[in-house]
$ cat protein_33.cif   # mmCIF, C-alpha atoms and all ligand atoms
data_my_file
#
loop_
_atom_site.label_atom_id
_atom_site.label_comp_id
_atom_site.auth_asym_id
_atom_site.auth_seq_id
_atom_site.Cartn_x
_atom_site.Cartn_y
_atom_site.Cartn_z
CA MET A 39 -32.39 -7.38 -40.27
CA LEU A 40 -29.32 -6.80 -42.35
CA GLN A 41 -28.68 -3.62 -40.56
CA LEU A 42 -28.90 -5.35 -37.21
CA VAL A 43 -26.24 -7.88 -38.20
CA LYS A 44 -23.98 -5.09 -39.34
CA MET A 45 -24.47 -3.26 -36.09
CA GLN A 46 -23.55 -6.33 -34.08
CA VAL A 47 -20.34 -6.73 -36.04
CA GLU A 48 -19.45 -3.13 -35.43
CA THR A 49 -20.19 -3.44 -31.76
CA ALA A 50 -17.93 -6.46 -31.56
CA LEU A 51 -15.15 -4.50 -33.23
CA PHE A 52 -15.71 -1.57 -30.99
CA PHE A 53 -15.78 -3.46 -27.73
CA GLU A 54 -12.74 -5.66 -27.49
CA SER A 55 -12.61 -8.16 -24.68
CA VAL A 56 -9.78 -7.71 -22.20
CA GLU A 57 -8.07 -10.77 -23.75
CA GLN A 58 -8.32 -9.14 -27.18
CA ILE A 59 -6.73 -5.98 -25.81
CA TYR A 60 -3.82 -8.05 -24.45
CA ALA A 61 -3.45 -9.87 -27.78
CA ARG A 62 -3.35 -6.60 -29.72
CA VAL A 63 -0.84 -5.02 -27.34
CA PHE A 64 1.31 -8.18 -27.39
CA ARG A 65 1.43 -8.05 -31.21
CA THR A 66 2.41 -4.37 -31.07
CA ILE A 67 5.27 -4.98 -28.65
CA LYS A 68 6.43 -8.36 -30.03
CA PRO A 69 5.34 -8.46 -33.71
CA ARG A 70 7.63 -11.38 -34.60
CA THR A 71 6.79 -13.58 -31.61
CA VAL A 72 4.06 -16.23 -31.84
CA LEU A 73 1.02 -15.00 -30.00
CA PRO A 74 0.56 -17.03 -26.80
CA GLU A 75 -2.72 -18.29 -25.39
CA ILE A 76 -4.01 -15.47 -23.22
CA THR A 77 -5.92 -15.75 -19.96
CA VAL A 78 -6.90 -12.66 -17.99
CA ARG A 79 -8.34 -13.17 -14.51
CA PHE A 80 -9.71 -10.56 -12.16
CA ARG A 81 -8.87 -11.52 -8.60
CA LYS A 82 -9.77 -10.29 -5.16
CA TYR A 83 -6.56 -8.57 -4.18
CA ALA A 84 -6.29 -6.04 -1.35
CA ASN A 85 -4.69 -3.48 -3.70
CA ALA A 86 -4.44 -2.57 -7.38
CA ASN A 87 -1.54 -4.95 -7.99
CA SER A 88 -1.37 -7.05 -11.12
CA ARG A 89 0.77 -10.01 -12.13
CA ILE A 90 1.81 -11.37 -15.50
CA ARG A 91 3.69 -14.50 -16.53
CA LEU A 92 4.50 -16.36 -19.73
CA GLU A 93 5.00 -20.10 -19.45
CA SER A 94 5.08 -22.61 -22.31
CA GLY A 95 3.02 -20.53 -24.69
CA GLN A 96 0.50 -19.47 -22.06
CA LEU A 97 0.26 -15.84 -21.01
CA THR A 98 -1.54 -15.43 -17.69
CA VAL A 99 -2.52 -12.05 -16.33
CA ASP A 100 -3.99 -11.60 -12.86
CA ILE A 101 -5.52 -8.20 -12.25
CA SER A 102 -7.15 -6.80 -9.13
CA ASP A 103 -10.93 -6.95 -9.49
CA THR A 104 -10.99 -3.30 -8.42
CA LEU A 105 -9.86 -2.65 -12.01
CA GLU A 106 -12.51 -4.85 -13.61
CA GLY A 107 -14.76 -1.89 -14.34
CA ALA A 108 -11.96 0.34 -15.61
CA PRO A 109 -12.53 1.76 -19.13
CA ALA A 110 -10.81 0.14 -22.14
CA PRO A 111 -8.07 2.82 -22.48
CA ILE A 112 -7.03 2.02 -18.89
CA GLN A 113 -7.04 -1.76 -19.55
CA GLU A 114 -4.95 -1.02 -22.65
CA ALA A 115 -2.48 1.11 -20.67
CA LEU A 116 -2.12 -1.63 -18.05
CA ALA A 117 -1.63 -4.23 -20.81
CA PHE A 118 1.26 -2.13 -22.21
CA ILE A 119 2.78 -1.72 -18.74
CA LEU A 120 2.57 -5.43 -17.89
CA ILE A 121 3.73 -6.79 -21.25
CA CYS A 122 6.61 -4.28 -21.31
CA LYS A 123 7.55 -5.47 -17.83
CA LEU A 124 7.51 -9.08 -19.02
CA PHE A 125 10.04 -8.24 -21.75
CA ARG A 126 11.99 -5.75 -19.62
CA LYS A 127 11.08 -2.81 -21.78
CA ALA A 128 10.14 0.64 -20.58
CA PRO A 129 6.57 1.63 -21.43
CA GLU A 130 5.96 5.06 -22.92
CA ASN A 131 5.58 7.84 -20.37
CA SER A 132 2.20 8.84 -21.78
CA ILE A 133 0.91 5.32 -21.12
CA LEU A 134 2.25 5.27 -17.57
CA ALA A 135 0.69 8.68 -17.00
CA ARG A 136 -2.69 7.51 -18.31
CA TYR A 137 -2.74 4.60 -15.87
CA ARG A 138 -1.49 6.67 -12.91
CA ARG A 139 -4.04 9.41 -13.56
CA TYR A 140 -6.77 6.81 -13.30
CA LEU A 141 -5.46 5.41 -10.00
CA ASN A 142 -5.26 8.97 -8.65
CA ARG A 143 -8.90 9.72 -9.37
CA ALA A 144 -10.73 10.48 -6.11
CA ASP A 145 -13.42 7.79 -6.67
CA VAL A 146 -10.82 5.15 -7.56
CA ARG A 147 -8.69 6.01 -4.54
CA ARG A 148 -11.77 5.79 -2.34
CA THR A 149 -12.64 2.31 -3.68
CA LEU A 150 -9.09 1.12 -3.17
CA HIS A 151 -9.07 2.45 0.38
CA LEU A 152 -12.32 0.62 1.20
CA VAL A 153 -11.13 -2.61 -0.40
CA LYS A 154 -7.85 -2.42 1.48
CA GLN A 155 -9.77 -1.90 4.69
CA GLN A 156 -12.06 -4.86 4.10
CA ARG A 157 -9.65 -7.37 2.60
CA GLY A 158 -6.17 -6.47 3.68
CA ARG A 159 -5.35 -8.63 6.61
CA LYS A 160 -2.77 -6.99 8.76
CA ALA A 161 -0.37 -9.76 9.59
CA LEU A 162 1.13 -8.92 12.95
CA ARG A 163 2.76 -10.57 15.89
CA ASP A 164 1.03 -10.60 19.25
CA PRO A 165 1.46 -7.24 21.07
CA LYS A 166 2.69 -9.11 24.13
CA GLY A 167 6.27 -9.64 23.06
CA GLN A 168 9.08 -11.45 24.79
CA TYR A 169 10.53 -8.27 26.29
CA PHE A 170 7.86 -5.60 25.94
CA ASP A 171 4.08 -5.66 26.12
CA LEU A 172 2.75 -3.07 23.69
CA CYS A 173 -0.75 -2.96 25.25
CA GLU A 174 0.69 -2.22 28.66
CA MET A 175 2.97 0.41 27.17
CA PHE A 176 0.12 2.00 25.25
CA GLU A 177 -2.10 2.24 28.34
CA ASP A 178 0.70 3.68 30.42
CA LEU A 179 1.38 6.42 27.84
CA ASN A 180 -2.34 6.93 27.36
CA LEU A 181 -2.77 7.67 31.06
CA LYS A 182 0.29 9.88 31.26
CA TYR A 183 -0.19 12.01 28.13
CA PHE A 184 -3.80 11.63 27.00
CA ASN A 185 -5.67 11.37 30.31
CA GLY A 186 -6.43 7.77 29.40
CA LEU A 187 -8.86 9.00 26.74
CA MET A 188 -7.32 7.57 23.60
CA ALA A 189 -9.20 4.57 22.22
CA ARG A 190 -6.73 1.75 21.83
CA PRO A 191 -6.14 0.78 18.21
CA GLN A 192 -4.95 -2.68 17.25
CA LEU A 193 -1.32 -3.09 18.32
CA GLY A 194 1.35 -5.51 17.21
CA TRP A 195 4.95 -6.25 16.36
CA SER A 196 5.95 -6.36 12.69
CA LEU A 197 6.42 -9.81 11.15
CA ARG A 198 9.68 -8.79 9.56
CA PRO A 199 12.31 -7.07 11.73
CA SER A 200 12.55 -3.79 9.84
CA ARG A 201 15.52 -1.55 10.61
CA THR A 202 14.18 1.34 8.59
CA THR A 203 10.50 1.50 9.60
CA LEU A 204 10.61 1.55 13.38
CA GLY A 205 6.91 2.14 13.74
CA HIS A 206 3.89 3.19 11.79
CA TYR A 207 0.22 3.97 12.23
CA ASP A 208 -2.09 2.67 9.51
CA PRO A 209 -5.37 4.61 9.52
CA SER A 210 -7.04 2.15 7.08
CA HIS A 211 -6.83 -0.61 9.68
CA ASN A 212 -6.47 1.58 12.77
CA VAL A 213 -3.36 -0.25 13.85
CA ILE A 214 0.00 0.74 15.33
CA VAL A 215 2.87 -1.53 14.32
CA LEU A 216 6.28 -1.42 15.94
CA THR A 217 9.32 -3.13 14.44
CA SER A 218 10.08 -6.48 16.06
CA VAL A 219 13.74 -5.37 16.15
CA PHE A 220 12.75 -3.61 19.38
CA ASP A 221 11.53 -6.77 21.11
CA ALA A 222 15.00 -7.97 21.94
CA PRO A 223 17.35 -8.06 24.92
CA GLY A 224 19.28 -4.88 25.70
CA VAL A 225 16.91 -2.53 23.88
CA PRO A 226 16.25 0.52 26.11
CA GLU A 227 12.58 0.77 27.03
CA LEU A 228 12.80 4.54 26.58
CA ILE A 229 13.20 4.31 22.81
CA VAL A 230 10.38 1.80 22.40
CA ARG A 231 8.12 4.10 24.43
CA PHE A 232 9.25 7.08 22.39
CA VAL A 233 8.36 5.42 19.07
CA MET A 234 5.01 4.24 20.48
CA PHE A 235 4.31 7.79 21.68
CA HIS A 236 5.17 9.15 18.22
CA GLU A 237 2.69 6.76 16.58
CA MET A 238 0.02 7.67 19.16
CA LEU A 239 0.46 11.30 18.16
CA HIS A 240 -0.42 10.27 14.60
CA LEU A 241 -3.82 9.19 15.95
CA ARG A 242 -4.15 12.43 17.88
CA TYR A 243 -3.07 14.67 14.96
CA PRO A 244 -4.25 13.11 11.69
CA THR A 245 -2.43 13.90 8.45
CA GLN A 246 -3.57 17.21 7.03
CA HIS A 247 -4.25 17.59 3.34
CA LYS A 248 -3.74 21.16 2.15
CA GLY A 249 -4.42 21.07 -1.58
CA ALA A 250 -1.78 18.82 -3.07
CA ARG A 251 0.40 19.13 0.04
CA ARG A 252 0.33 16.45 2.65
CA CYS A 253 1.50 17.47 6.12
CA VAL A 254 2.26 14.52 8.38
CA HIS A 255 4.28 16.10 11.18
CA THR A 256 2.59 19.43 11.76
CA LYS A 257 3.86 22.08 14.14
CA GLU A 258 1.25 20.96 16.69
CA PHE A 259 2.50 17.39 16.32
CA LYS A 260 6.11 18.38 16.90
CA ASP A 261 5.24 20.55 19.90
CA ALA A 262 3.34 17.66 21.46
CA GLU A 263 6.21 15.28 20.78
CA ARG A 264 8.57 17.52 22.74
CA GLN A 265 6.41 16.95 25.83
CA PHE A 266 7.73 13.38 26.03
CA GLU A 267 9.66 12.45 29.17
CA ALA A 268 13.42 12.87 28.64
CA TYR A 269 12.73 13.93 25.04
CA GLU A 270 16.34 14.82 24.19
CA GLU A 271 17.69 11.67 25.78
CA ALA A 272 15.15 9.51 23.95
CA LYS A 273 15.99 11.13 20.61
CA LEU A 274 19.73 10.58 21.12
CA ALA A 275 19.25 6.99 22.27
CA LEU A 276 17.09 6.26 19.22
CA LYS A 277 19.66 7.78 16.89
CA LYS A 278 22.41 5.68 18.48
CA PHE A 279 20.27 2.54 18.25
CA VAL A 280 19.63 3.06 14.54
CA GLU A 281 23.29 3.84 13.77
CA GLU A 282 24.57 0.78 15.64
CA ARG A 283 22.33 -1.48 13.54
CA ARG A 284 23.04 0.03 10.16
ZN ZN B 1 5.58 10.04 12.04
#
$ encode --input "protein_33.cif" --output "structure tokens"
Amino acid sequence: MLQLVKMQVETALFFESVEQIYARVFRTIKPRTVLPEITVRFRKYANANSRIRLESGQLTVDISDTLEGAPAPIQEALAFILICKLFRKAPENSILARYRRYLNRADVRRTLHLVKQQRGRKALRDPKGQYFDLCEMFEDLNLKYFNGLMARPQLGWSLRPSRTTLGHYDPSHNVIVLTSVFDAPGVPELIVRFVMFHEMLHLRYPTQHKGARRCVHTKEFKDAERQFEAYEEAKLALKKFVEERR
């Protein structure tokens, strides 16, 4: 009986709750500050993001529930990273590395990919824009360059008019997004088609992983891209478009 009690005490010491980890880390980083009330919540986020805030003696931490099952040393590393961030301090490199190594684990990456796929809503504007209809454009290019055989992914205009990301293909959601900067008067159709074609080639030639190397635009990809109508003209027009809007 006595022994059992002792064992329970030891277990309690051994297994800190997540709140206890945050309290201990807080005391390490801010030994002279009064310890706030600590609440840690695991939330259904579409990624591994976490948030921390300190308001009137209450420290609230929101962590992605994908990290709920992470081992204590990882919770501890994240606690250091978040509390350091709160006080604008730089966490130790070894702590950052510990957390990053965990996120890079194949099983963790796989979980995050699946969660992103299931939860991440892709907020997009209707593919039928004011000036260009992306579905029409896709089908036209599909017929011309892919014998009409490419299955149409979800298509849409970006919510924010990005000047740097003109287009992208997201394999998690199977969606091609084009910047809404293009859906405007005076934009040459050729460049919109060229960017759409480029993103379609990403579907045709998926990213290759060779060991640690990641090859996005392979030789095959580039050769295929050169088959585009008025390739040189399109490239020049796109370059001019980007420079004019810088
Ligand atoms: Zn690309």
$ residues_near_ligand --input "protein_33.cif" --ligand "ligand ZN 1 (chain B)" --cutoff "9 Å" --atoms "all atoms listed in the file" --output "VMD selection string"
chain A and resid 205 to 207 233 236 to 237 239 to 240 254 to 255
$ residues_near_point --input "protein_33.cif" --point "(7.0, -11.9, -22.0)" --cutoff "8 Å" --atoms "all atoms listed in the file" --output "list in words"
Arg91, Leu92, Leu97, Ile121, Cys122, Lys123, Leu124 and Phe125 of chain A
$ atom_distance --input "protein_33.cif" --atom1 "CA of Glu267 (chain A)" --atom2 "CA of Cys173 (chain A)"
19.0 Å
$ residues_near_point --input "protein_33.cif" --point "(-3.5, -7.1, 19.0)" --cutoff "7 Å" --atoms "only C-alpha atoms" --output "list in words"
Asp164, Pro165, Gln192, Leu193 and Gly194 of chain A
$ atom_distance --input "protein_33.cif" --atom1 "CA of Leu152 (chain A)" --atom2 "CA of Arg198 (chain A)"
25.3 Å
$ residues_around --input "protein_33.cif" --residues "Arg147 (chain A)" --least-positions-apart "4" --cutoff "12 Å" --atoms "only C-alpha atoms" --output "list in words"
Asn85, Ala86, Thr104, Leu105, Arg138, Arg139, Tyr140, Leu141, Asn142, Arg143, His151, Leu152, Val153 and Lys154 of chain A
$ write_last_selection --input "protein_33.cif" --atoms "C-alpha atoms" --output "PDB file, in the coordinates of the input"
ATOM      1  CA  ASN A  85      -4.690  -3.480  -3.700  1.00  0.00           C
ATOM      2  CA  ALA A  86      -4.440  -2.570  -7.380  1.00  0.00           C
ATOM      3  CA  THR A 104     -10.990  -3.300  -8.420  1.00  0.00           C
ATOM      4  CA  LEU A 105      -9.860  -2.650 -12.010  1.00  0.00           C
ATOM      5  CA  ARG A 138      -1.490   6.670 -12.910  1.00  0.00           C
ATOM      6  CA  ARG A 139      -4.040   9.410 -13.560  1.00  0.00           C
ATOM      7  CA  TYR A 140      -6.770   6.810 -13.300  1.00  0.00           C
ATOM      8  CA  LEU A 141      -5.460   5.410 -10.000  1.00  0.00           C
ATOM      9  CA  ASN A 142      -5.260   8.970  -8.650  1.00  0.00           C
ATOM     10  CA  ARG A 143      -8.900   9.720  -9.370  1.00  0.00           C
ATOM     11  CA  HIS A 151      -9.070   2.450   0.380  1.00  0.00           C
ATOM     12  CA  LEU A 152     -12.320   0.620   1.200  1.00  0.00           C
ATOM     13  CA  VAL A 153     -11.130  -2.610  -0.400  1.00  0.00           C
ATOM     14  CA  LYS A 154      -7.850  -2.420   1.480  1.00  0.00           C
TER      15      LYS A 154
END
$ closest_residue --input "protein_33.cif" --among "A:Gln156, A:Ser218, A:Ser94, A:Asn212" --to "Pro74 (chain A)" --atoms "all atoms listed in the file"
A:Ser94
$ closest_residue --input "protein_33.cif" --among "A:Tyr137, A:Tyr243, A:Phe80, A:Tyr269" --to "Leu228 (chain A)" --atoms "only C-alpha atoms"
A:Tyr269
$ atom_distance --input "protein_33.cif" --atom1 "CA of Tyr169 (chain A)" --atom2 "CA of Pro223 (chain A)"
7.0 Å
$ closest_residue --input "protein_33.cif" --among "A:Met175, A:Val78, A:Leu274, A:Val72" --to "Arg231 (chain A)" --atoms "all atoms listed in the file"
A:Met175
$ closest_residue --input "protein_33.cif" --among "A:Ile133, A:Leu276, A:Val56, A:Ile76" --to "Glu106 (chain A)" --atoms "only C-alpha atoms"
A:Val56
$ residues_around --input "protein_33.cif" --residues "Thr217 (chain A)" --least-positions-apart "2" --cutoff "6 Å" --atoms "all atoms listed in the file" --output "ChimeraX atom specification"
/A:195-196,199-200,204-205,219
$ residues_around --input "protein_33.cif" --residues "region 178-181 of chain A" --least-positions-apart "5" --cutoff "9 Å" --atoms "all atoms listed in the file" --output "number ranges by chain"
A: 173, 186-190, 231, 234-235, 238
$ closest_residue --input "protein_33.cif" --among "A:Ala61, A:Ile67, A:Ile229, A:Val280" --to "Arg126 (chain A)" --atoms "all atoms listed in the file"
A:Ile67
$ closest_residue --input "protein_33.cif" --among "A:Phe176, A:Phe259, A:Phe279, A:Tyr83" --to "Arg201 (chain A)" --atoms "all atoms listed in the file"
A:Phe279
$ build_atoms --input "protein_33.cif" --residues "region 158-179 of chain A" --atoms "N, CA and C atoms" --output "compact mmCIF listing (two decimals), keeping the file's coordinate frame"
# COMPACT_ATOMS: atom_id res chain seq x y z
N GLY A 158 -7.57 -6.38 3.30
CA GLY A 158 -6.17 -6.47 3.68
C GLY A 158 -6.05 -6.96 5.11
N ARG A 159 -5.61 -8.16 5.26
CA ARG A 159 -5.35 -8.63 6.61
C ARG A 159 -4.04 -8.03 7.04
N LYS A 160 -4.00 -7.51 8.24
CA LYS A 160 -2.77 -6.99 8.76
C LYS A 160 -2.10 -8.14 9.49
N ALA A 161 -1.05 -8.67 8.91
CA ALA A 161 -0.37 -9.76 9.59
C ALA A 161 0.59 -9.18 10.63
N LEU A 162 0.33 -9.49 11.86
CA LEU A 162 1.13 -8.92 12.95
C LEU A 162 1.47 -10.00 13.96
N ARG A 163 2.48 -9.70 14.75
CA ARG A 163 2.76 -10.57 15.89
C ARG A 163 2.03 -10.01 17.10
N ASP A 164 1.69 -10.91 17.98
CA ASP A 164 1.03 -10.60 19.25
C ASP A 164 1.69 -9.39 19.94
N PRO A 165 0.87 -8.42 20.41
CA PRO A 165 1.46 -7.24 21.07
C PRO A 165 2.25 -7.58 22.34
N LYS A 166 1.91 -8.71 22.95
CA LYS A 166 2.69 -9.11 24.13
C LYS A 166 3.94 -9.83 23.64
N GLY A 167 5.03 -9.08 23.58
CA GLY A 167 6.27 -9.64 23.06
C GLY A 167 7.03 -10.38 24.14
N GLN A 168 8.25 -10.76 23.81
CA GLN A 168 9.08 -11.45 24.79
C GLN A 168 9.64 -10.48 25.82
N TYR A 169 9.90 -9.25 25.39
CA TYR A 169 10.53 -8.27 26.29
C TYR A 169 9.61 -7.10 26.62
N PHE A 170 8.76 -6.73 25.70
CA PHE A 170 7.86 -5.60 25.94
C PHE A 170 6.42 -5.96 25.59
N ASP A 171 5.50 -5.47 26.40
CA ASP A 171 4.08 -5.66 26.12
C ASP A 171 3.52 -4.34 25.60
N LEU A 172 3.17 -4.33 24.31
CA LEU A 172 2.75 -3.07 23.69
C LEU A 172 1.43 -2.54 24.25
N CYS A 173 0.52 -3.42 24.68
CA CYS A 173 -0.75 -2.96 25.25
C CYS A 173 -0.51 -2.24 26.57
N GLU A 174 0.33 -2.83 27.37
CA GLU A 174 0.69 -2.22 28.66
C GLU A 174 1.34 -0.85 28.42
N MET A 175 2.26 -0.83 27.48
CA MET A 175 2.97 0.41 27.17
C MET A 175 2.01 1.48 26.67
N PHE A 176 1.10 1.06 25.79
CA PHE A 176 0.12 2.00 25.25
C PHE A 176 -0.73 2.60 26.38
N GLU A 177 -1.23 1.75 27.26
CA GLU A 177 -2.10 2.24 28.34
C GLU A 177 -1.36 3.16 29.30
N ASP A 178 -0.12 2.85 29.54
CA ASP A 178 0.70 3.68 30.42
C ASP A 178 0.89 5.08 29.82
N LEU A 179 1.21 5.13 28.52
CA LEU A 179 1.38 6.42 27.84
C LEU A 179 0.04 7.15 27.71
